[in-house]
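Encoded as structure tokens, the structure appears first; notes follow it.
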Amino acid sequence: MKITLEKYHGLGNDYLIFDPNKNELKLTKEAVRLICNRNFGVGSDGLLVGPILGEDKMTVKILNPDGSEAELSGNGVRIFGKYLKDAGYVQKNHFTVNTLSGEQQIHYLNEEGTRIKVSMGHLSFWSDEIPMTGPRREVLNETMMFGSIPYRVTCVSIGNPHCVIWLSDISKDLACRIGRHSEAAECFPEKVNTELLRVVDRTNIEIEIYERGAGYTLASGTSGCAAAGAAYKMGLTDPKMYVHMPGGVLEVEIEEDGSVLMTGDVGYVGKFTLSHEMVEQLRSL
Ligand SMILES: N[C@H](CCC[C@H](N)C(=O)O)C(=O)O
């Protein structure tokens, strides 16, 4: 049995694509963890399983390296959009991809499909839609304790849950120190992605990211959209801005109706054919 995986990255947020039309392997949580492991496996920030074809829809399952499934991944959907073009599944420059959180519109902005615009759906700050415990309210500028330290947080869903913390100074170290506490805080029944937000000016923000189910990453599309949405909701920025992350820059636009457009680059790393030994190990998990 031959298993091949294609590796892409969105601003350094790397994903492996497992195409079920080309690979026969039952993917258990343990198998996903091993494939994504940077020492014992191929290594990535997640796995994209698709296209799952049916009823003239193309669906992608988004799996974190801990084996959990995510409702949406901004970099993941952009990467998947490029794979669909590279693998010949689509010829048009504008089409729809189906995820757990709904349908995303993909627009190729160049012939190679390396620059892609995605309509990411709507932002919601309502606690029951994030989800968060406590009375139903919009979670804006609330004080929350992470690691016995108080932080002002704005929480938002864009299909997956986010906790945005506005600070004057941000760093990888601080993102990891806070993220370790916030990811699995009791008030987030489905856990949470955490972003540290620094507002540079009305059209530029900077973020550091600690992803649910993945930990620290160099970039995250949904995190970029969530942080941009929170900054705009707090009146700190214009609706269109550049989101600067350690891995690169995303363009994010918050539309009048609260829907979000995200534009950024995608890179192709290469194809991996797993060894017989690795395939047998995966089949045993
Ligand atoms: N870890 C996230 C999913 C991946 C998000 C990120 N890689 C992106 O590009 O949006 C979650 O569990 O909600």
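For the structure tokens, the naming scheme is as follows: chains receive sequential letters (A, B, ...) according to their order of presentation, residues are indexed from 1 within each chain, and ligands are indexed from 1 in presentation order.
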
| request: Check every protein, DNA and RNA residue against ligand 1, keep those with an atom at most 8 Å away (counting only C-alpha atoms and all ligand atoms), and present them as a ChimeraX atom specification. | output: /A:10,13,45-46,62-64,68-77,160-162,192-193,211-215,217,219-224

Write out the residues from the selection above, keeping N, CA and C atoms, as a tab-separated table (two decimals), in the first residue's frame.
```tsv
chain	number	residue	atom	x	y	z
A	10	GLY	N	1.06	28.01	4.30
A	10	GLY	CA	0.47	29.36	4.17
A	10	GLY	C	1.20	30.26	5.16
A	13	ASN	N	2.70	28.41	8.02
A	13	ASN	CA	1.75	27.52	8.72
A	13	ASN	C	1.55	26.33	7.78
A	45	ASP	N	1.74	21.48	10.82
A	45	ASP	CA	0.79	22.12	11.76
A	45	ASP	C	-0.61	21.54	11.60
A	46	GLY	N	-0.74	20.51	10.74
A	46	GLY	CA	-2.06	19.90	10.59
A	46	GLY	C	-2.15	19.07	9.32
A	62	ILE	N	-10.39	19.27	8.33
A	62	ILE	CA	-9.22	19.99	8.85
A	62	ILE	C	-8.84	19.38	10.19
A	63	LEU	N	-7.67	18.76	10.25
A	63	LEU	CA	-7.24	18.06	11.47
A	63	LEU	C	-6.00	18.73	12.06
A	64	ASN	N	-6.08	19.01	13.37
A	64	ASN	CA	-4.92	19.58	14.09
A	64	ASN	C	-3.90	18.48	14.36
A	68	SER	N	-7.31	16.45	16.83
A	68	SER	CA	-8.66	17.04	16.92
A	68	SER	C	-9.05	17.64	15.58
A	69	GLU	N	-10.38	17.75	15.35
A	69	GLU	CA	-10.87	18.32	14.08
A	69	GLU	C	-11.29	19.77	14.30
A	70	ALA	N	-10.91	20.63	13.38
A	70	ALA	CA	-11.25	22.06	13.47
A	70	ALA	C	-12.37	22.38	12.48
A	71	GLU	N	-13.18	23.37	12.86
A	71	GLU	CA	-14.30	23.79	12.00
A	71	GLU	C	-13.78	24.50	10.76
A	72	LEU	N	-12.64	25.19	10.90
A	72	LEU	CA	-12.15	26.01	9.78
A	72	LEU	C	-10.66	26.29	9.96
A	73	SER	N	-9.96	26.46	8.86
A	73	SER	CA	-8.56	26.91	8.89
A	73	SER	C	-8.37	27.84	7.70
A	74	GLY	N	-7.99	29.07	7.95
A	74	GLY	CA	-7.83	30.03	6.85
A	74	GLY	C	-6.67	29.65	5.94
A	75	ASN	N	-5.53	29.36	6.55
A	75	ASN	CA	-4.39	28.91	5.73
A	75	ASN	C	-4.70	27.56	5.10
A	76	GLY	N	-5.40	26.71	5.85
A	76	GLY	CA	-5.75	25.38	5.34
A	76	GLY	C	-6.63	25.45	4.10
A	77	VAL	N	-7.60	26.37	4.12
A	77	VAL	CA	-8.51	26.48	2.95
A	77	VAL	C	-7.78	27.06	1.76
A	160	ASN	N	-14.39	28.88	14.10
A	160	ASN	CA	-13.67	28.30	15.24
A	160	ASN	C	-13.47	29.39	16.30
A	161	PRO	N	-13.18	28.98	17.56
A	161	PRO	CA	-13.16	29.96	18.66
A	161	PRO	C	-11.82	30.65	18.86
A	162	HIS	N	-11.88	31.96	19.19
A	162	HIS	CA	-10.65	32.74	19.37
A	162	HIS	C	-10.76	33.66	20.59
A	192	VAL	N	-9.82	26.87	22.82
A	192	VAL	CA	-9.77	28.15	22.11
A	192	VAL	C	-8.40	28.39	21.48
A	193	ASN	N	-8.39	29.13	20.37
A	193	ASN	CA	-7.16	29.67	19.78
A	193	ASN	C	-6.89	31.01	20.44
A	211	GLU	N	-2.22	28.26	18.79
A	211	GLU	CA	-3.39	27.61	18.22
A	211	GLU	C	-3.94	26.46	19.08
A	212	ARG	N	-5.25	26.36	19.11
A	212	ARG	CA	-5.91	25.18	19.70
A	212	ARG	C	-5.44	23.94	18.96
A	213	GLY	N	-4.97	22.95	19.72
A	213	GLY	CA	-4.61	21.67	19.11
A	213	GLY	C	-3.32	21.66	18.34
A	214	ALA	N	-2.60	22.80	18.35
A	214	ALA	CA	-1.34	22.86	17.58
A	214	ALA	C	-0.24	23.59	18.33
A	215	GLY	N	-0.60	24.52	19.23
A	215	GLY	CA	0.39	25.31	19.95
A	215	GLY	C	0.85	26.50	19.12
A	217	THR	N	2.21	28.75	16.33
A	217	THR	CA	2.43	28.65	14.87
A	217	THR	C	2.86	30.01	14.33
A	219	ALA	N	1.80	31.45	11.64
A	219	ALA	CA	0.70	32.17	11.00
A	219	ALA	C	-0.57	31.36	11.17
A	220	SER	N	-1.69	32.06	11.09
A	220	SER	CA	-3.00	31.38	11.17
A	220	SER	C	-4.02	32.31	10.52
A	221	GLY	N	-4.72	31.79	9.51
A	221	GLY	CA	-5.68	32.61	8.79
A	221	GLY	C	-6.86	33.00	9.64
A	222	THR	N	-7.44	32.04	10.35
A	222	THR	CA	-8.59	32.38	11.19
A	222	THR	C	-8.17	33.30	12.34
A	223	SER	N	-6.93	33.10	12.85
A	223	SER	CA	-6.45	34.00	13.91
A	223	SER	C	-6.30	35.43	13.37
A	224	GLY	N	-5.80	35.54	12.14
A	224	GLY	CA	-5.66	36.87	11.53
A	224	GLY	C	-7.00	37.55	11.38
```

Between range 171-236 of chain A and range 116-129 of chain A, at 12 Å or less, what are the per-residue closest atom pairs and their distances in Å? Count only C-alpha atoms, order by chain and rising residue number, and return it as a Markdown table.
```
| residue | atom | partner | partner_atom | distance |
| --- | --- | --- | --- | --- |
| A:Cys187 | CA | A:Ser127 | CA | 9.9 |
| A:Phe188 | CA | A:Ser127 | CA | 9.6 |
| A:Pro189 | CA | A:Asp128 | CA | 10.5 |
| A:Glu190 | CA | A:Glu129 | CA | 11.0 |
| A:Gly221 | CA | A:Met120 | CA | 9.2 |
| A:Thr222 | CA | A:Met120 | CA | 8.0 |
| A:Ser223 | CA | A:Met120 | CA | 11.4 |
| A:Gly224 | CA | A:Met120 | CA | 11.0 |
| A:Cys225 | CA | A:Met120 | CA | 8.2 |
| A:Ala226 | CA | A:Leu123 | CA | 7.4 |
| A:Ala227 | CA | A:Leu123 | CA | 10.6 |
| A:Ala228 | CA | A:Leu123 | CA | 10.3 |
| A:Gly229 | CA | A:Leu123 | CA | 7.1 |
| A:Ala230 | CA | A:Phe125 | CA | 8.5 |
| A:Tyr232 | CA | A:Leu123 | CA | 11.3 |
| A:Lys233 | CA | A:Phe125 | CA | 9.3 |
| A:Met234 | CA | A:Phe125 | CA | 11.5 |
```

| In Å to one decimal, how far is CA of His94 in chain A from CA of Glu251 in chain A? |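 We find that CA of Glu251 in chain A and CA of His94 in chain A lie 18.4 Å from each other.
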
| said: Just want the 6 Å neighbourhood of range 139-142 of chain A, counted on only C-alpha atoms, with same-chain residues fewer than 6 positions away dropped. Output as a list in words. | reply: Phe125, Arg152, Val153, Thr154 and Cys155 of chain A

Export of prior selection with C-alpha atoms as a PDB file, in the first residue's frame:
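Full text of result.pdb as output:
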```pdb
ATOM      1  CA  PHE A 125     -18.663  38.000  19.445  1.00  0.00           C
ATOM      2  CA  ARG A 152      -8.381  42.177  28.850  1.00  0.00           C
ATOM      3  CA  VAL A 153      -9.831  39.822  26.237  1.00  0.00           C
ATOM      4  CA  THR A 154     -12.232  40.044  23.322  1.00  0.00           C
ATOM      5  CA  CYS A 155     -13.522  36.644  22.188  1.00  0.00           C
TER       6      CYS A 155
END
```

| request: Mind giving me the straight-line distance from CA of Asp56 in chain A to CA of Tyr108 in chain A in Å, one decimal? | output: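 It comes out at 19.9 Å.
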
| Between CA of Asp173 in chain A and CA of Ser157 in chain A, what is the distance, to one decimal in Å? |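 It comes out at 24.6 Å.
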
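Among the candidate residues A:Met245, A:Gly113, A:Ile130, A:Val269, the one lying nearest to Gly88 in chain A is A:Gly113, with distances computed using only C-alpha atoms.
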